[in-house]
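Chemist: Supplied in structure tokens, the structure appears directly below.
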Amino acid sequence: MIATVILMICIAYLVGSLSSAVIICRLYGLPDPRTTGSKNPGATNVFRLGGRMPATLVLFMDILKGTVPVYSSYWMGIDPIPLGFIGLAACLGHIFPLYFDFKGGKAVATAFGVLLPLGAELTGLLILTWAITVFIWGYASLAAIIAVCFAPVFTWFIKPAYTIPVLMLSVLIIIRHKDNILRLVKHQENKVWDKVKLK
């Protein structure tokens with residue numbers, strides 16, 4: 001089982017390293033999201049650069065990067081804590097992608113994909129938390145931070161055995177958002193619907 005866990009961690013990292021935002025932007029002839037706009041290769045920045053369709057594709061692919069390795073491992077009967085490390089590997093692949101000079105995004109969508117195998121209740125609560133936050137304040141980063149802060153709490157009531165793995169994931173996402181937190185405090189963060197002015 002240890003060999004299987006190590007193998008799945010490696011697979012999760014390699015799958016996570018596929019930078020959906022960069023790939024989709026190249027296909028649509030859009031600027032590199034790593035050097036334009038917020039310089040974050042994620043769905044929100046792609047939405048600002050190219051609109052709904054490319055952003056939707058990025059979101060879908062980023063979610064799959066987390067879901068496929070974790071769901072596969074879940075059905076292999078891998079225990080919660082090792083499963084948490086597999087989920088972390090997928091997110092670290094997104095943050096430090098092997099194929100794209102280790103310059104990745106915040107891994108919010110990938111983390112959401114990692115949590116999908118835990119069930120519809122958790123998924124629904126996280127989407128609702130994210131959507132309410134965006135509706136009230138308009139900041140995708142703030143919505144992600146609040147959602148991941150609540151994720152371990154929701155998990156405790158739904159599937160308590162997975163609380164620690166989810167907490168591990170939440171800490172990673174919050175750390176990754178340190179720059180966003182500073183911009184939010186300084187009122188310098190862009191809102192979801194702010195378009196990027198291309199030079």
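Labels used: A, B, ... for chains in the order of the structure tokens, numbers from 1 for residues in each chain, and numbers from 1 for ligands as shown.
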Any idea what's packed within 12 Å of range 54-63 of chain A, counting only C-alpha atoms, ignoring anything in its chain fewer than 2 positions away? Could you give it as a VMD selection string?

Modeler: chain A and resid 15 to 30 33 41 to 52 65 to 71 87 90 to 91 93 to 95 104 to 117 123 192

Chemist: Using only C-alpha atoms, which residue out of A:Leu126, A:Ala131, A:Ile86, A:Ile174 lies closest to Ala151 in chain A?

Modeler: A:Leu126

Chemist: So that I can check the surroundings of Asp79 in chain A, please list as a list in words every protein, DNA and RNA residue that reaches within 10 Å of it, counting only C-alpha atoms and ignoring chain neighbours fewer than 3 positions away.

Modeler: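 Listing them by chain and then by number gives Met1, Val5, Ser73, Tyr74, Met76, Pro82, Leu83, Gly84, Ala161 and Tyr162 of chain A.
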
Chemist: Skip Thr129 in chain A itself and residues of its chain fewer than 5 positions away, then list as a count of residues only all residues within 8 Å of it, counting only C-alpha atoms.

Modeler: 3

Chemist: Using only C-alpha atoms, which of the listed residues (A:His187, A:Gly119, A:Leu92, A:Ile181) sits closest to Cys10 in chain A?

Modeler: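 The answer is A:Leu92, which sits nearest to Cys10 in chain A.
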
Chemist: Just asking: which residues within chain A are helix (DSSP H, G or I) according to DSSP, as a ChimeraX atom specification?

Modeler: /A:2-16,20-28,43-50,52-75,80-95,108-118,120-137,140-158,160-176,178-185
